[in-house]
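A quick write-up on the structure given underneath.
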Amino acid sequence: MPIEMTGTTEVNEPRVLATDAALDLIAEIRRAHPDILFHQSGGCCDGSSPMCYPADDYIVGDNDVKLGEIGGVPVYISASQFEVWKHTQLIIDVVPGRGGMFSLDNGREKRFLTRSRLFDGGEGCVVVRE
(Lines give C-alpha, C1' and ligand atoms only; values in the text may rest on other atoms or scores of the structure.)
Protein backbone atom coordinates (compact mmCIF):
# COMPACT_ATOMS: atom_id res chain seq x y z
CA MET A 1 0.00 0.00 0.00
CA PRO A 2 1.57 3.36 -1.01
CA ILE A 3 2.17 6.16 1.45
CA GLU A 4 -0.64 8.75 1.35
CA MET A 5 0.52 12.37 1.16
CA THR A 6 -2.52 13.63 -0.70
CA GLY A 7 -4.40 16.79 -0.08
CA THR A 8 -2.65 19.97 0.86
CA THR A 9 0.56 20.93 2.58
CA GLU A 10 0.93 22.89 5.77
CA VAL A 11 0.42 26.02 3.67
CA ASN A 12 -2.85 24.68 2.23
CA GLU A 13 -1.61 24.12 -1.31
CA PRO A 14 -2.07 20.90 -3.28
CA ARG A 15 1.11 18.90 -3.87
CA VAL A 16 0.28 18.34 -7.53
CA LEU A 17 -1.63 20.39 -10.11
CA ALA A 18 -2.26 20.11 -13.85
CA THR A 19 -2.50 22.75 -16.54
CA ASP A 20 -5.48 22.83 -18.89
CA ALA A 21 -3.27 21.34 -21.63
CA ALA A 22 -2.37 18.43 -19.33
CA LEU A 23 -6.03 17.86 -18.42
CA ASP A 24 -6.90 17.80 -22.13
CA LEU A 25 -4.19 15.22 -22.87
CA ILE A 26 -5.30 13.12 -19.88
CA ALA A 27 -8.86 13.13 -21.27
CA GLU A 28 -7.55 12.12 -24.71
CA ILE A 29 -5.55 9.22 -23.25
CA ARG A 30 -8.45 8.09 -21.05
CA ARG A 31 -10.66 7.60 -24.11
CA ALA A 32 -8.41 4.66 -25.04
CA HIS A 33 -7.22 3.78 -21.50
CA PRO A 34 -9.90 4.73 -18.94
CA ASP A 35 -7.92 3.66 -15.85
CA ILE A 36 -4.48 5.30 -15.75
CA LEU A 37 -1.97 6.63 -13.23
CA PHE A 38 1.10 8.85 -13.18
CA HIS A 39 4.43 8.09 -11.60
CA GLN A 40 6.97 10.90 -11.41
CA SER A 41 10.01 9.31 -12.98
CA GLY A 42 13.43 9.78 -11.52
CA GLY A 43 15.04 7.13 -13.66
CA CYS A 44 17.80 7.24 -16.21
CA CYS A 45 15.81 6.35 -19.32
CA ASP A 46 13.20 9.09 -19.27
CA GLY A 47 14.85 11.68 -17.08
CA SER A 48 12.39 13.07 -14.61
CA SER A 49 9.28 13.08 -16.77
CA PRO A 50 5.86 12.28 -15.36
CA MET A 51 5.14 8.84 -16.78
CA CYS A 52 1.55 7.86 -17.59
CA TYR A 53 0.67 4.16 -17.43
CA PRO A 54 -2.44 1.96 -17.60
CA ALA A 55 -3.24 1.41 -13.92
CA ASP A 56 -3.20 -2.37 -14.28
CA ASP A 57 0.25 -2.32 -15.96
CA TYR A 58 2.08 -0.56 -13.13
CA ILE A 59 2.55 -1.91 -9.63
CA VAL A 60 2.54 0.92 -7.10
CA GLY A 61 5.12 0.05 -4.47
CA ASP A 62 4.90 0.22 -0.70
CA ASN A 63 7.49 3.01 -0.75
CA ASP A 64 5.69 5.11 -3.35
CA VAL A 65 3.99 8.29 -2.17
CA LYS A 66 0.61 9.37 -3.54
CA LEU A 67 0.83 13.13 -4.09
CA GLY A 68 -2.79 13.60 -5.10
CA GLU A 69 -4.89 13.40 -8.24
CA ILE A 70 -5.11 15.42 -11.44
CA GLY A 71 -8.15 15.01 -13.65
CA GLY A 72 -9.23 12.11 -11.45
CA VAL A 73 -5.91 10.31 -12.05
CA PRO A 74 -3.60 9.44 -9.12
CA VAL A 75 -0.03 10.78 -9.13
CA TYR A 76 2.77 8.88 -7.33
CA ILE A 77 6.44 9.49 -6.63
CA SER A 78 9.05 7.29 -4.94
CA ALA A 79 9.58 7.96 -1.23
CA SER A 80 13.24 8.84 -1.77
CA GLN A 81 12.38 11.33 -4.50
CA PHE A 82 9.57 12.74 -2.35
CA GLU A 83 12.12 13.51 0.38
CA VAL A 84 13.99 15.72 -2.10
CA TRP A 85 10.85 17.36 -3.52
CA LYS A 86 8.62 17.52 -0.42
CA HIS A 87 8.76 21.34 -0.31
CA THR A 88 7.86 21.57 -4.00
CA GLN A 89 4.52 21.70 -5.77
CA LEU A 90 4.55 19.69 -9.00
CA ILE A 91 2.67 21.14 -11.96
CA ILE A 92 2.03 18.68 -14.77
CA ASP A 93 2.04 20.41 -18.14
CA VAL A 94 2.26 19.45 -21.84
CA VAL A 95 4.84 20.48 -24.44
CA PRO A 96 5.48 19.40 -28.04
CA GLY A 97 7.61 16.28 -28.42
CA ARG A 98 7.64 12.56 -27.81
CA GLY A 99 6.64 11.06 -24.50
CA GLY A 100 8.64 8.55 -22.51
CA MET A 101 9.22 5.19 -24.14
CA PHE A 102 6.63 3.38 -22.01
CA SER A 103 4.39 6.35 -21.21
CA LEU A 104 0.94 6.61 -22.80
CA ASP A 105 1.71 10.10 -24.11
CA ASN A 106 4.30 8.59 -26.49
CA GLY A 107 3.38 8.79 -30.18
CA ARG A 108 1.02 11.77 -29.78
CA GLU A 109 3.59 14.46 -30.72
CA LYS A 110 3.08 16.05 -27.30
CA ARG A 111 4.31 14.93 -23.94
CA PHE A 112 3.83 15.55 -20.26
CA LEU A 113 6.37 17.75 -18.50
CA THR A 114 6.83 18.47 -14.80
CA ARG A 115 7.22 22.07 -13.74
CA SER A 116 7.72 22.96 -10.10
CA ARG A 117 7.15 25.72 -7.60
CA LEU A 118 8.46 25.93 -4.05
CA PHE A 119 5.73 26.03 -1.42
CA ASP A 120 7.11 29.27 0.02
CA GLY A 121 6.02 30.96 -3.21
CA GLY A 122 9.42 30.89 -4.91
CA GLU A 123 9.70 29.47 -8.36
CA GLY A 124 11.48 26.15 -8.71
CA CYS A 125 13.16 24.76 -11.76
CA VAL A 126 11.49 23.40 -14.87
CA VAL A 127 12.32 19.72 -15.25
CA VAL A 128 13.00 19.03 -18.92
CA ARG A 129 14.55 16.09 -20.68
CA GLU A 130 15.91 17.01 -24.09
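Residue numbering restarts at 1 for every chain of the C-alpha coordinates, chains are lettered A, B, ... in their displayed order, and ligands are numbered from 1 as they appear.
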### Task
For stretch 79-90 of chain A, please output as an MDAnalysis selection string all residues within 9 Å (counting only C-alpha atoms; exclusion window: fewer than 6 positions along the same chain).
chainID A and resid 3 9 13:18 40 42 63:65 67 114:120 124
### Query
Which parts of stretch 7-119 of chain A does DSSP call strand (DSSP E) when run on the backbone here, written out as a count of residues only?
44
#### Entry: Surrounding residues of A:Phe38 excluding itself and chain neighbours under 6 positions, 8 Å, only C-alpha atoms, as number ranges by chain
A: 50-53, 73-76
Export, as a PDB file, in the first residue's frame, the selected residues with N, CA, C and O atoms.
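Produced file selection_34.pdb, reproduced below:
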ATOM      1  N   PRO A  50       6.994  12.996 -15.954  1.00  0.00           N
ATOM      2  CA  PRO A  50       5.864  12.278 -15.364  1.00  0.00           C
ATOM      3  C   PRO A  50       5.429  11.191 -16.343  1.00  0.00           C
ATOM      4  O   PRO A  50       5.127  11.481 -17.498  1.00  0.00           O
ATOM      5  N   MET A  51       5.467   9.968 -15.914  1.00  0.00           N
ATOM      6  CA  MET A  51       5.141   8.836 -16.775  1.00  0.00           C
ATOM      7  C   MET A  51       3.687   8.437 -16.551  1.00  0.00           C
ATOM      8  O   MET A  51       3.238   8.327 -15.412  1.00  0.00           O
ATOM      9  N   CYS A  52       2.965   8.213 -17.641  1.00  0.00           N
ATOM     10  CA  CYS A  52       1.547   7.863 -17.594  1.00  0.00           C
ATOM     11  C   CYS A  52       1.398   6.412 -18.033  1.00  0.00           C
ATOM     12  O   CYS A  52       1.834   6.038 -19.129  1.00  0.00           O
ATOM     13  N   TYR A  53       0.788   5.594 -17.179  1.00  0.00           N
ATOM     14  CA  TYR A  53       0.665   4.157 -17.434  1.00  0.00           C
ATOM     15  C   TYR A  53      -0.782   3.699 -17.273  1.00  0.00           C
ATOM     16  O   TYR A  53      -1.525   4.278 -16.464  1.00  0.00           O
ATOM     17  N   VAL A  73      -6.967  11.306 -11.858  1.00  0.00           N
ATOM     18  CA  VAL A  73      -5.911  10.308 -12.047  1.00  0.00           C
ATOM     19  C   VAL A  73      -4.890  10.449 -10.917  1.00  0.00           C
ATOM     20  O   VAL A  73      -4.365  11.541 -10.688  1.00  0.00           O
ATOM     21  N   PRO A  74      -4.573   9.350 -10.209  1.00  0.00           N
ATOM     22  CA  PRO A  74      -3.598   9.438  -9.117  1.00  0.00           C
ATOM     23  C   PRO A  74      -2.183   9.704  -9.636  1.00  0.00           C
ATOM     24  O   PRO A  74      -1.802   9.256 -10.717  1.00  0.00           O
ATOM     25  N   VAL A  75      -1.413  10.444  -8.808  1.00  0.00           N
ATOM     26  CA  VAL A  75      -0.028  10.778  -9.131  1.00  0.00           C
ATOM     27  C   VAL A  75       0.855  10.290  -7.980  1.00  0.00           C
ATOM     28  O   VAL A  75       0.631  10.652  -6.828  1.00  0.00           O
ATOM     29  N   TYR A  76       1.858   9.467  -8.318  1.00  0.00           N
ATOM     30  CA  TYR A  76       2.765   8.882  -7.333  1.00  0.00           C
ATOM     31  C   TYR A  76       4.194   9.329  -7.590  1.00  0.00           C
ATOM     32  O   TYR A  76       4.552   9.709  -8.700  1.00  0.00           O
TER      33      TYR A  76
END
### Message
Just to confirm, what's the straight-line distance from atom CA of A:Ile92 to atom CA of A:Arg108 in Å (one decimal)?
### Response
16.6 Å
### Task
For each of A:Asp57, A:His33, A:Glu69, A:Leu25, take the minimum atom-to-atom distance to A:Asp105, counting only C-alpha atoms, then give the residue where this is smallest.
A:Leu25
### Task
Name the closest residue to A:Gly68 among the candidates A:Gly99, A:Leu37, A:Asp24, A:Arg31; distances are taken between atoms, counting only C-alpha atoms.
A:Leu37
### Query
Could you pull out the helix (DSSP H, G or I) residues of stretch 53-124 of chain A from DSSP and send them as a ChimeraX atom specification?
/A:55-57,79-85
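The closest residue to A:Ser41, picked from A:Asn106, A:Phe112, A:Ile77, A:Val94 and counting only C-alpha atoms, is A:Ile77.
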### Query
When you draw a straight line from atom CA of A:Pro96 to atom CA of A:Thr19, how long is it in Å?
14.4 Å
